[in-house]
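Pasting data37.cif here (mmCIF, C-alpha atoms):
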data_model
#
loop_
_atom_site.label_atom_id
_atom_site.label_comp_id
_atom_site.auth_asym_id
_atom_site.auth_seq_id
_atom_site.Cartn_x
_atom_site.Cartn_y
_atom_site.Cartn_z
CA MET A 1 -19.32 -21.71 16.59
CA PHE A 2 -17.31 -23.82 14.15
CA VAL A 3 -13.50 -23.77 14.13
CA ILE A 4 -11.62 -25.25 11.18
CA GLY A 5 -8.16 -26.39 12.25
CA ARG A 6 -6.66 -27.37 15.60
CA GLY A 7 -3.20 -25.79 15.45
CA ARG A 8 -1.93 -23.11 17.80
CA ILE A 9 -4.80 -20.69 17.14
CA GLY A 10 -7.60 -23.18 16.59
CA GLY A 11 -6.61 -25.15 19.67
CA ALA A 12 -6.47 -22.02 21.82
CA LEU A 13 -9.93 -20.92 20.68
CA GLU A 14 -11.38 -24.37 21.35
CA GLN A 15 -9.86 -24.53 24.84
CA ARG A 16 -10.93 -21.03 25.87
CA SER A 17 -14.36 -20.88 24.24
CA PRO A 18 -17.07 -20.06 26.81
CA THR A 19 -19.45 -22.37 24.98
CA PRO A 20 -18.74 -25.66 23.21
CA CYS A 21 -17.53 -25.20 19.66
CA THR A 22 -17.29 -27.75 16.89
CA VAL A 23 -13.77 -28.29 15.55
CA LEU A 24 -13.54 -29.52 11.96
CA LEU A 25 -10.36 -31.25 10.78
CA ARG A 26 -9.10 -31.85 7.26
CA GLY A 27 -9.95 -35.55 7.13
CA GLY A 28 -13.13 -35.36 9.22
CA ASP A 29 -16.84 -35.07 8.58
CA TRP A 30 -18.03 -31.53 7.85
CA GLY A 31 -21.68 -32.49 7.49
CA ALA A 32 -22.71 -30.30 10.43
CA LEU A 33 -22.14 -27.23 8.24
CA ASP A 34 -25.18 -28.20 6.16
CA THR A 35 -27.66 -27.78 8.99
CA ASP A 36 -26.27 -25.00 11.20
CA ASP A 37 -25.79 -21.25 10.67
CA GLU A 38 -23.04 -20.51 13.21
CA PRO A 39 -19.90 -18.61 12.09
CA ILE A 40 -17.17 -20.79 10.56
CA VAL A 41 -13.80 -19.59 11.86
CA VAL A 42 -10.94 -20.71 9.61
CA THR A 43 -7.60 -21.00 11.42
CA THR A 44 -5.59 -22.85 8.76
CA ARG A 45 -2.60 -21.54 6.80
CA ASN A 46 -3.24 -19.28 3.82
CA ASP A 47 -2.13 -21.93 1.34
CA ASP A 48 -4.87 -24.25 2.64
CA LEU A 49 -7.69 -21.76 2.08
CA ASP A 50 -8.72 -23.07 -1.34
CA GLY A 51 -9.18 -26.58 0.00
CA VAL A 52 -11.14 -25.30 2.99
CA LEU A 53 -13.48 -23.11 0.96
CA ASP A 54 -14.12 -25.91 -1.52
CA ARG A 55 -15.45 -28.07 1.34
CA VAL A 56 -17.73 -25.38 2.79
CA PRO A 57 -21.22 -25.60 1.25
CA GLU A 58 -21.79 -22.69 -1.12
CA ALA A 59 -24.81 -21.51 0.87
CA ARG A 60 -22.64 -21.24 4.00
CA ARG A 61 -19.64 -19.40 2.57
CA ARG A 62 -21.02 -16.01 3.72
CA ASP A 63 -20.62 -17.37 7.27
CA VAL A 64 -16.87 -17.96 6.88
CA VAL A 65 -14.56 -15.90 9.12
CA LEU A 66 -10.96 -15.51 7.93
CA ILE A 67 -8.34 -14.51 10.50
CA GLN A 68 -5.16 -15.07 8.45
CA ASN A 69 -2.35 -12.54 8.10
CA GLY A 70 -1.29 -11.39 4.66
CA MET A 71 -3.06 -9.89 1.66
CA LEU A 72 -6.12 -12.03 0.98
CA ARG A 73 -8.00 -9.60 -1.27
CA PRO A 74 -6.75 -10.89 -4.65
CA TRP A 75 -7.59 -14.44 -3.59
CA LEU A 76 -11.07 -13.37 -2.47
CA VAL A 77 -11.64 -11.76 -5.87
CA GLU A 78 -10.55 -15.00 -7.55
CA ARG A 79 -13.08 -16.87 -5.41
CA GLY A 80 -15.93 -14.62 -6.50
CA GLY A 81 -15.80 -11.79 -3.96
CA ILE A 82 -17.68 -13.59 -1.19
CA PRO A 83 -18.90 -11.02 1.39
CA LEU A 84 -17.52 -12.93 4.36
CA THR A 85 -16.09 -11.77 7.69
CA ARG A 86 -12.44 -10.92 8.19
CA GLY A 87 -10.37 -10.38 11.27
CA LEU A 88 -6.74 -9.79 12.22
CA LEU A 89 -5.57 -11.38 15.43
CA PHE A 90 -3.49 -9.27 17.76
CA PHE A 91 -2.68 -12.06 20.15
CA ALA A 92 0.05 -14.66 19.90
CA VAL A 93 0.05 -18.35 20.84
CA ALA A 94 3.65 -19.52 21.11
CA SER A 95 2.87 -23.24 20.87
CA VAL A 96 -0.09 -25.62 20.91
CA GLY A 97 -1.70 -25.40 24.33
CA ALA A 98 0.06 -22.17 25.35
CA THR A 99 -1.83 -19.22 26.84
CA PRO A 100 -2.50 -16.45 24.30
CA GLU A 101 -0.51 -13.25 24.78
CA VAL A 102 -2.63 -10.25 23.85
CA GLY A 103 -0.93 -7.34 22.10
CA GLY A 104 -3.97 -5.19 21.35
CA PRO A 105 -7.58 -5.37 20.15
CA SER A 106 -8.20 -7.69 17.21
CA PRO A 107 -10.26 -5.87 14.52
CA PHE A 108 -13.17 -7.50 12.69
CA VAL A 109 -15.33 -6.42 9.78
CA GLY A 110 -18.18 -8.19 8.02
CA PRO A 111 -21.45 -10.03 8.74
CA HIS A 112 -20.21 -11.88 11.84
CA ALA A 113 -17.90 -9.16 13.19
CA GLU A 114 -20.03 -8.48 16.27
CA ALA A 115 -20.42 -12.18 17.05
CA MET A 116 -16.66 -12.67 16.82
CA VAL A 117 -15.95 -9.73 19.11
CA ARG A 118 -18.41 -11.04 21.74
CA TRP A 119 -16.88 -14.51 21.51
CA LEU A 120 -13.28 -13.36 21.85
CA GLU A 121 -14.04 -10.91 24.65
CA ALA A 122 -15.73 -13.71 26.59
CA MET A 123 -12.31 -15.41 26.43
CA LYS A 124 -10.59 -12.24 27.73
CA LEU A 125 -9.16 -11.62 24.25
CA ASP A 126 -9.62 -7.96 23.33
CA ALA A 127 -11.43 -7.36 20.03
CA ARG A 128 -13.44 -4.65 18.28
CA VAL A 129 -15.69 -4.07 15.28
CA VAL A 130 -14.20 -1.64 12.76
CA SER A 131 -15.27 -0.02 9.52
CA GLU A 132 -14.01 -1.25 6.16
CA ARG A 133 -11.70 1.77 5.88
CA GLN A 134 -10.27 1.18 9.35
CA PHE A 135 -9.74 -2.49 8.56
CA ARG A 136 -7.85 -1.65 5.38
CA GLU A 137 -5.50 0.65 7.29
CA ILE A 138 -4.82 -1.94 10.01
CA GLU A 139 -4.46 -4.64 7.37
CA LEU A 140 -1.88 -2.55 5.52
CA GLU A 141 0.13 -1.77 8.64
CA LYS A 142 0.29 -5.42 9.69
CA LEU A 143 1.17 -6.48 6.15
CA VAL A 144 3.97 -3.93 5.91
CA TRP A 145 5.33 -5.03 9.27
CA ASN A 146 5.39 -8.70 8.27
CA SER A 147 6.82 -7.98 4.82
CA ALA A 148 9.39 -5.33 5.77
CA PHE A 149 10.71 -6.82 8.98
CA GLY A 150 10.77 -10.37 7.65
CA LEU A 151 12.94 -9.12 4.79
CA LEU A 152 15.12 -6.83 6.92
CA CYS A 153 15.77 -9.45 9.59
CA GLU A 154 17.18 -11.73 6.88
CA ALA A 155 19.04 -9.06 4.95
CA CYS A 156 20.61 -7.46 8.03
CA ASP A 157 20.95 -10.68 10.05
CA ALA A 158 19.26 -8.87 12.92
CA SER A 159 16.28 -8.95 15.26
CA VAL A 160 13.42 -6.51 14.73
CA GLY A 161 14.71 -4.33 17.55
CA GLU A 162 18.19 -4.25 16.02
CA VAL A 163 16.71 -3.36 12.63
CA VAL A 164 14.98 -0.31 14.11
CA GLU A 165 17.95 0.88 16.13
CA GLU A 166 20.89 -0.04 13.88
CA HIS A 167 19.38 0.03 10.38
CA ALA A 168 16.85 2.84 10.79
CA SER A 169 17.39 4.50 7.41
CA THR A 170 17.06 1.19 5.54
CA PHE A 171 13.88 0.36 7.47
CA THR A 172 12.39 3.80 6.78
CA ARG A 173 13.07 3.70 3.04
CA LEU A 174 11.71 0.17 2.62
CA ALA A 175 8.62 0.62 4.78
CA ARG A 176 7.80 3.96 3.15
CA GLU A 177 7.90 2.33 -0.31
CA LEU A 178 5.51 -0.39 0.78
CA ILE A 179 3.14 1.91 2.69
CA VAL A 180 2.72 4.39 -0.17
CA LEU A 181 2.13 1.69 -2.79
CA GLY A 182 -0.16 -0.34 -0.53
CA ALA A 183 -2.26 2.66 0.47
CA ASP A 184 -2.77 3.59 -3.16
CA ALA A 185 -3.84 0.05 -4.05
CA LEU A 186 -6.24 -0.12 -1.11
CA GLU A 187 -7.60 3.35 -1.91
CA ILE A 188 -6.97 4.75 1.56
CA GLU A 189 -5.14 7.78 2.88
CA VAL A 190 -2.65 7.13 5.64
CA ASN A 191 -0.23 9.27 7.60
CA VAL A 192 3.04 7.67 6.55
CA SER A 193 5.08 9.12 9.41
CA THR A 194 2.55 7.94 11.98
CA MET A 195 2.53 4.43 10.52
CA LEU A 196 6.33 4.32 10.45
CA ASP A 197 6.42 5.32 14.13
CA SER A 198 3.85 2.64 14.95
CA LEU A 199 5.82 -0.04 13.10
CA ALA A 200 9.03 0.92 14.86
CA GLY A 201 7.34 1.12 18.26
CA TYR A 202 5.84 -2.35 17.94
CA SER A 203 9.22 -3.74 16.93
CA ARG A 204 10.85 -2.21 19.98
CA SER A 205 8.21 -3.89 22.16
CA ILE A 206 9.29 -7.33 20.87
CA ALA A 207 12.89 -6.39 20.20
CA ASP A 208 14.34 -9.92 20.25
CA TYR A 209 11.97 -11.36 17.64
CA ARG A 210 13.51 -12.38 14.31
CA GLY A 211 11.29 -12.41 11.27
CA ALA A 212 11.87 -14.06 7.91
CA VAL A 213 10.59 -13.86 4.35
CA LYS A 214 7.74 -16.37 4.17
CA GLU A 215 4.29 -16.86 2.64
CA PHE A 216 5.68 -14.84 -0.27
CA ARG A 217 2.47 -14.90 -2.31
CA TRP A 218 0.52 -13.40 0.58
CA ARG A 219 3.10 -10.85 1.79
CA ASN A 220 6.03 -9.45 -0.20
CA GLY A 221 4.68 -10.96 -3.41
CA TRP A 222 1.61 -8.72 -3.31
CA PHE A 223 3.79 -5.62 -3.43
CA VAL A 224 5.90 -7.09 -6.23
CA GLY A 225 2.77 -7.79 -8.27
CA LEU A 226 1.42 -4.29 -7.69
CA ALA A 227 4.64 -2.66 -8.86
CA GLN A 228 4.78 -4.87 -11.96
CA ALA A 229 1.25 -3.80 -12.87
CA ARG A 230 1.99 -0.10 -12.31
CA ALA A 231 4.94 1.01 -14.40
CA GLU A 232 5.13 4.36 -12.60
CA TRP A 233 5.89 2.76 -9.24
CA SER A 234 9.42 1.94 -8.13
CA LEU A 235 10.22 -0.53 -5.37
CA SER A 236 13.97 -0.23 -5.69
CA ASP A 237 14.76 -0.90 -2.01
CA HIS A 238 12.34 -3.82 -1.85
CA TYR A 239 13.81 -5.41 -4.97
CA ARG A 240 17.41 -4.80 -3.85
CA LEU A 241 16.82 -6.46 -0.47
CA LEU A 242 14.89 -9.38 -1.97
CA GLU A 243 17.77 -9.96 -4.35
CA ALA A 244 20.24 -9.80 -1.45
CA VAL A 245 18.48 -12.66 0.37
CA GLY A 246 17.88 -14.68 -2.80
CA LYS A 247 14.09 -14.18 -2.79
CA LEU A 248 13.60 -11.91 -5.80
CA PRO A 249 11.26 -13.66 -8.27
CA VAL A 250 11.78 -13.52 -12.00
CA LEU A 251 10.20 -10.25 -13.09
CA THR A 252 8.42 -10.27 -16.44
#
Could you express the structure from this file as structure tokens?
Amino acid sequence: MFVIGRGRIGGALEQRSPTPCTVLLRGGDWGALDTDDEPIVVTTRNDDLDGVLDRVPEARRRDVVLIQNGMLRPWLVERGGIPLTRGLLFFAVASVGATPEVGGPSPFVGPHAEAMVRWLEAMKLDARVVSERQFREIELEKLVWNSAFGLLCEACDASVGEVVEEHASTFTRLARELIVLGADALEIEVNVSTMLDSLAGYSRSIADYRGAVKEFRWRNGWFVGLAQARAEWSLSDHYRLLEAVGKLPVLT
């Protein structure tokens, strides 16, 4: 197993791996990728993905495993639609060297999904193989949570628990906007009420956490781009709140 990056996630995977894994760093030698066929788990930030993929030999790009949050699909299309493996991690590592805190099974889809699940479960990190449709639904829910609660924590100057309890109507309107638009774009049917309940329940479980608007291109920016491309869609609450925190981009 190859791991690219030695931050919080990459370091935790290296430390807990049941078998030795090769960690590749930005300034190091990646020559081992030319002669091996093990999965290549990328743990870097989203904005570093172009540089990482450029260094992976073209013949090995199908072996890449992406575990980043955010909407990666437009970027993957830009990079030629490589049929690689994707996962979403449902465990947190508070700092480099800290023990992972598991919040649920991490879903994986793609060529190396089964290998990733076996590897993580050997580390006592719950994981599962899912279908493409299931992955899209989980992907959307996590994206809406990051986008909505990051924005609401800033706009309301509140923790995620306070947002749910004290700003429930604002949360519901915003999250509903994002869910409906995102589900249409991903061509999936979702139960909006069920997803809203799930988002609120998760926030109550980590009530003191404060999110923020970040990685705009990969989170809120995806919804903004969708609405711009679809004149019939309105994201009035999303735009209003982005403007309130000074994060509304120039709309053309």
Using all atoms listed in the file, what does the table of range 134-232 of chain A residues within 9 Å of range 87-106 of chain A look like, with each row giving the shortest atom pair and its distance in Å to one decimal, sorted by chain and ascending number, as CSV?
residue,atom,partner,partner_atom,distance
A:Phe135,CA,A:Gly87,CA,8.4
A:Ile138,CA,A:Leu88,CA,8.4
A:Glu139,CA,A:Leu88,CA,7.4
A:Lys142,CA,A:Leu88,CA,8.7
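With all atoms listed in the file as the atoms that count, the minimum distance from Ile206 in chain A to the choices A:Glu162, A:Glu187, A:Glu232, A:Asp36 is reached by A:Glu162.
Remark: for Arg16 in chain A, the closest of the candidate residues A:Leu120, A:Leu235, A:Leu140, A:Ala244 is A:Leu120 (distances computed over all atoms listed in the file).
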How would you write, as a JSON list (two decimals) with C-alpha atoms, keeping the file's coordinate frame, the residues chosen by the PyMOL selection byres ((chain A and resi 236) around 12) on this structure?
[["chain", "number", "residue", "atom", "x", "y", "z"],
["A", 170, "THR", "CA", 17.06, 1.19, 5.54],
["A", 173, "ARG", "CA", 13.07, 3.70, 3.04],
["A", 174, "LEU", "CA", 11.71, 0.17, 2.62],
["A", 175, "ALA", "CA", 8.62, 0.62, 4.78],
["A", 176, "ARG", "CA", 7.80, 3.96, 3.15],
["A", 177, "GLU", "CA", 7.90, 2.33, -0.31],
["A", 178, "LEU", "CA", 5.51, -0.39, 0.78],
["A", 223, "PHE", "CA", 3.79, -5.62, -3.43],
["A", 224, "VAL", "CA", 5.90, -7.09, -6.23],
["A", 227, "ALA", "CA", 4.64, -2.66, -8.86],
["A", 233, "TRP", "CA", 5.89, 2.76, -9.24],
["A", 234, "SER", "CA", 9.42, 1.94, -8.13],
["A", 235, "LEU", "CA", 10.22, -0.53, -5.37],
["A", 237, "ASP", "CA", 14.76, -0.90, -2.01],
["A", 238, "HIS", "CA", 12.34, -3.82, -1.85],
["A", 239, "TYR", "CA", 13.81, -5.41, -4.97],
["A", 240, "ARG", "CA", 17.41, -4.80, -3.85],
["A", 241, "LEU", "CA", 16.82, -6.46, -0.47],
["A", 242, "LEU", "CA", 14.89, -9.38, -1.97],
["A", 243, "GLU", "CA", 17.77, -9.96, -4.35],
["A", 248, "LEU", "CA", 13.60, -11.91, -5.80]]
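Counting all atoms listed in the file, the residue from A:Leu151, A:Val41, A:Ala32, A:Val245 that sits nearest to Arg6 in chain A is A:Val41.
Within the file as shown, the PyMOL selection byres ((chain A and resi 33) around 12) identifies Met1, Phe2, Val3, Ile4, Thr22, Val23, Leu24, Asp29, Trp30, Gly31, Ala32, Asp34, Thr35, Asp36, Asp37, Glu38, Pro39, Ile40, Val41, Arg55, Val56, Pro57, Glu58, Ala59, Arg60, Arg61, Asp63 and Val64 of chain A.
Taking only C-alpha atoms into account, Trp145 in chain A lies nearest to A:Met195 out of the set A:Met195, A:Val180, A:Ala113, A:Met123.
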Kindly indicate which residue among A:Cys156, A:Ala148, A:Ala127, A:Val109 lies nearest to Asn220 in chain A, using all atoms listed in the file for the distances. A:Ala148
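As for CA of Glu114 in chain A and CA of Thr85 in chain A, they are spaced 10.0 Å apart.
CA of Leu181 in chain A sits 13.4 Å away from CA of Met71 in chain A.
Residue nearest Leu199 in chain A within the list A:Phe149, A:Trp75, A:Phe108, A:Trp119: A:Phe149 [criterion: smallest interatomic distance, all atoms listed in the file].
Evaluating the PyMOL selection byres ((chain A and resi 208) around 8) against the shown model yields A:Ser159, A:Val160, A:Gly161, A:Ile206, A:Ala207, A:Tyr209, A:Arg210.
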Missing atoms of range 75-109 of chain A rebuilt to N, CA and C atoms, written as a PDB file, in the coordinates of the input:
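selection.pdb, written as the output of this step:
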ATOM      1  N   TRP A  75      -7.041 -13.091  -3.655  1.00  0.00           N
ATOM      2  CA  TRP A  75      -7.590 -14.440  -3.590  1.00  0.00           C
ATOM      3  C   TRP A  75      -9.106 -14.397  -3.451  1.00  0.00           C
ATOM      4  N   LEU A  76      -9.624 -13.484  -2.638  1.00  0.00           N
ATOM      5  CA  LEU A  76     -11.070 -13.370  -2.470  1.00  0.00           C
ATOM      6  C   LEU A  76     -11.744 -12.989  -3.782  1.00  0.00           C
ATOM      7  N   VAL A  77     -11.106 -12.117  -4.556  1.00  0.00           N
ATOM      8  CA  VAL A  77     -11.640 -11.760  -5.870  1.00  0.00           C
ATOM      9  C   VAL A  77     -11.676 -12.990  -6.770  1.00  0.00           C
ATOM     10  N   GLU A  78     -10.603 -13.772  -6.745  1.00  0.00           N
ATOM     11  CA  GLU A  78     -10.550 -15.000  -7.550  1.00  0.00           C
ATOM     12  C   GLU A  78     -11.673 -15.955  -7.164  1.00  0.00           C
ATOM     13  N   ARG A  79     -12.038 -15.956  -5.882  1.00  0.00           N
ATOM     14  CA  ARG A  79     -13.080 -16.870  -5.410  1.00  0.00           C
ATOM     15  C   ARG A  79     -14.473 -16.255  -5.496  1.00  0.00           C
ATOM     16  N   GLY A  80     -14.608 -15.162  -6.219  1.00  0.00           N
ATOM     17  CA  GLY A  80     -15.930 -14.620  -6.500  1.00  0.00           C
ATOM     18  C   GLY A  80     -16.354 -13.469  -5.611  1.00  0.00           C
ATOM     19  N   GLY A  81     -15.460 -12.942  -4.800  1.00  0.00           N
ATOM     20  CA  GLY A  81     -15.800 -11.790  -3.960  1.00  0.00           C
ATOM     21  C   GLY A  81     -16.839 -12.086  -2.904  1.00  0.00           C
ATOM     22  N   ILE A  82     -16.710 -13.203  -2.228  1.00  0.00           N
ATOM     23  CA  ILE A  82     -17.680 -13.590  -1.190  1.00  0.00           C
ATOM     24  C   ILE A  82     -17.675 -12.554  -0.066  1.00  0.00           C
ATOM     25  N   PRO A  83     -18.837 -12.024   0.320  1.00  0.00           N
ATOM     26  CA  PRO A  83     -18.900 -11.020   1.390  1.00  0.00           C
ATOM     27  C   PRO A  83     -18.823 -11.657   2.778  1.00  0.00           C
ATOM     28  N   LEU A  84     -17.688 -12.234   3.085  1.00  0.00           N
ATOM     29  CA  LEU A  84     -17.520 -12.930   4.360  1.00  0.00           C
ATOM     30  C   LEU A  84     -16.940 -11.997   5.421  1.00  0.00           C
ATOM     31  N   THR A  85     -16.638 -12.550   6.578  1.00  0.00           N
ATOM     32  CA  THR A  85     -16.090 -11.770   7.690  1.00  0.00           C
ATOM     33  C   THR A  85     -14.585 -11.946   7.750  1.00  0.00           C
ATOM     34  N   ARG A  86     -13.885 -10.848   8.041  1.00  0.00           N
ATOM     35  CA  ARG A  86     -12.440 -10.920   8.190  1.00  0.00           C
ATOM     36  C   ARG A  86     -12.012 -10.334   9.527  1.00  0.00           C
ATOM     37  N   GLY A  87     -10.941 -10.887  10.040  1.00  0.00           N
ATOM     38  CA  GLY A  87     -10.370 -10.380  11.270  1.00  0.00           C
ATOM     39  C   GLY A  87      -8.858 -10.481  11.227  1.00  0.00           C
ATOM     40  N   LEU A  88      -8.185  -9.708  12.056  1.00  0.00           N
ATOM     41  CA  LEU A  88      -6.740  -9.790  12.220  1.00  0.00           C
ATOM     42  C   LEU A  88      -6.462  -9.978  13.700  1.00  0.00           C
ATOM     43  N   LEU A  89      -5.783 -11.052  14.025  1.00  0.00           N
ATOM     44  CA  LEU A  89      -5.570 -11.380  15.430  1.00  0.00           C
ATOM     45  C   LEU A  89      -4.357 -10.650  15.986  1.00  0.00           C
ATOM     46  N   PHE A  90      -4.578  -9.947  17.070  1.00  0.00           N
ATOM     47  CA  PHE A  90      -3.490  -9.270  17.760  1.00  0.00           C
ATOM     48  C   PHE A  90      -3.231  -9.957  19.099  1.00  0.00           C
ATOM     49  N   PHE A  91      -3.175 -11.282  19.017  1.00  0.00           N
ATOM     50  CA  PHE A  91      -2.680 -12.060  20.150  1.00  0.00           C
ATOM     51  C   PHE A  91      -1.846 -13.200  19.575  1.00  0.00           C
ATOM     52  N   ALA A  92      -0.879 -13.626  20.355  1.00  0.00           N
ATOM     53  CA  ALA A  92       0.050 -14.660  19.900  1.00  0.00           C
ATOM     54  C   ALA A  92      -0.092 -15.903  20.762  1.00  0.00           C
ATOM     55  N   VAL A  93       0.045 -17.067  20.128  1.00  0.00           N
ATOM     56  CA  VAL A  93       0.050 -18.350  20.840  1.00  0.00           C
ATOM     57  C   VAL A  93       1.365 -19.017  20.459  1.00  0.00           C
ATOM     58  N   ALA A  94       2.288 -19.079  21.407  1.00  0.00           N
ATOM     59  CA  ALA A  94       3.650 -19.520  21.110  1.00  0.00           C
ATOM     60  C   ALA A  94       3.718 -20.976  20.649  1.00  0.00           C
ATOM     61  N   SER A  95       2.870 -21.821  21.218  1.00  0.00           N
ATOM     62  CA  SER A  95       2.870 -23.240  20.870  1.00  0.00           C
ATOM     63  C   SER A  95       1.492 -23.807  21.178  1.00  0.00           C
ATOM     64  N   VAL A  96       1.215 -24.988  20.664  1.00  0.00           N
ATOM     65  CA  VAL A  96      -0.090 -25.620  20.910  1.00  0.00           C
ATOM     66  C   VAL A  96      -0.285 -25.791  22.413  1.00  0.00           C
ATOM     67  N   GLY A  97      -1.398 -25.284  22.910  1.00  0.00           N
ATOM     68  CA  GLY A  97      -1.700 -25.400  24.330  1.00  0.00           C
ATOM     69  C   GLY A  97      -1.250 -24.227  25.162  1.00  0.00           C
ATOM     70  N   ALA A  98      -0.445 -23.318  24.587  1.00  0.00           N
ATOM     71  CA  ALA A  98       0.060 -22.170  25.350  1.00  0.00           C
ATOM     72  C   ALA A  98      -1.039 -21.124  25.535  1.00  0.00           C
ATOM     73  N   THR A  99      -0.885 -20.299  26.573  1.00  0.00           N
ATOM     74  CA  THR A  99      -1.830 -19.220  26.840  1.00  0.00           C
ATOM     75  C   THR A  99      -1.609 -18.077  25.860  1.00  0.00           C
ATOM     76  N   PRO A 100      -2.659 -17.561  25.236  1.00  0.00           N
ATOM     77  CA  PRO A 100      -2.500 -16.450  24.300  1.00  0.00           C
ATOM     78  C   PRO A 100      -1.945 -15.202  24.992  1.00  0.00           C
ATOM     79  N   GLU A 101      -1.052 -14.508  24.306  1.00  0.00           N
ATOM     80  CA  GLU A 101      -0.510 -13.250  24.780  1.00  0.00           C
ATOM     81  C   GLU A 101      -1.101 -12.130  23.940  1.00  0.00           C
ATOM     82  N   VAL A 102      -1.891 -11.281  24.576  1.00  0.00           N
ATOM     83  CA  VAL A 102      -2.630 -10.250  23.850  1.00  0.00           C
ATOM     84  C   VAL A 102      -1.762  -9.016  23.654  1.00  0.00           C
ATOM     85  N   GLY A 103      -1.726  -8.522  22.404  1.00  0.00           N
ATOM     86  CA  GLY A 103      -0.930  -7.340  22.100  1.00  0.00           C
ATOM     87  C   GLY A 103      -1.770  -6.138  21.725  1.00  0.00           C
ATOM     88  N   GLY A 104      -3.081  -6.279  21.727  1.00  0.00           N
ATOM     89  CA  GLY A 104      -3.970  -5.190  21.350  1.00  0.00           C
ATOM     90  C   GLY A 104      -5.289  -5.754  20.870  1.00  0.00           C
ATOM     91  N   PRO A 105      -6.272  -4.890  20.599  1.00  0.00           N
ATOM     92  CA  PRO A 105      -7.580  -5.370  20.150  1.00  0.00           C
ATOM     93  C   PRO A 105      -7.530  -5.923  18.737  1.00  0.00           C
ATOM     94  N   SER A 106      -8.138  -7.081  18.531  1.00  0.00           N
ATOM     95  CA  SER A 106      -8.200  -7.690  17.210  1.00  0.00           C
ATOM     96  C   SER A 106      -9.391  -7.107  16.447  1.00  0.00           C
ATOM     97  N   PRO A 107      -9.166  -6.500  15.273  1.00  0.00           N
ATOM     98  CA  PRO A 107     -10.260  -5.870  14.520  1.00  0.00           C
ATOM     99  C   PRO A 107     -11.017  -6.876  13.648  1.00  0.00           C
ATOM    100  N   PHE A 108     -12.325  -6.664  13.534  1.00  0.00           N
ATOM    101  CA  PHE A 108     -13.170  -7.500  12.690  1.00  0.00           C
ATOM    102  C   PHE A 108     -14.110  -6.638  11.876  1.00  0.00           C
ATOM    103  N   VAL A 109     -14.387  -7.100  10.654  1.00  0.00           N
ATOM    104  CA  VAL A 109     -15.330  -6.420   9.780  1.00  0.00           C
ATOM    105  C   VAL A 109     -16.097  -7.472   9.004  1.00  0.00           C
TER     106      VAL A 109
END
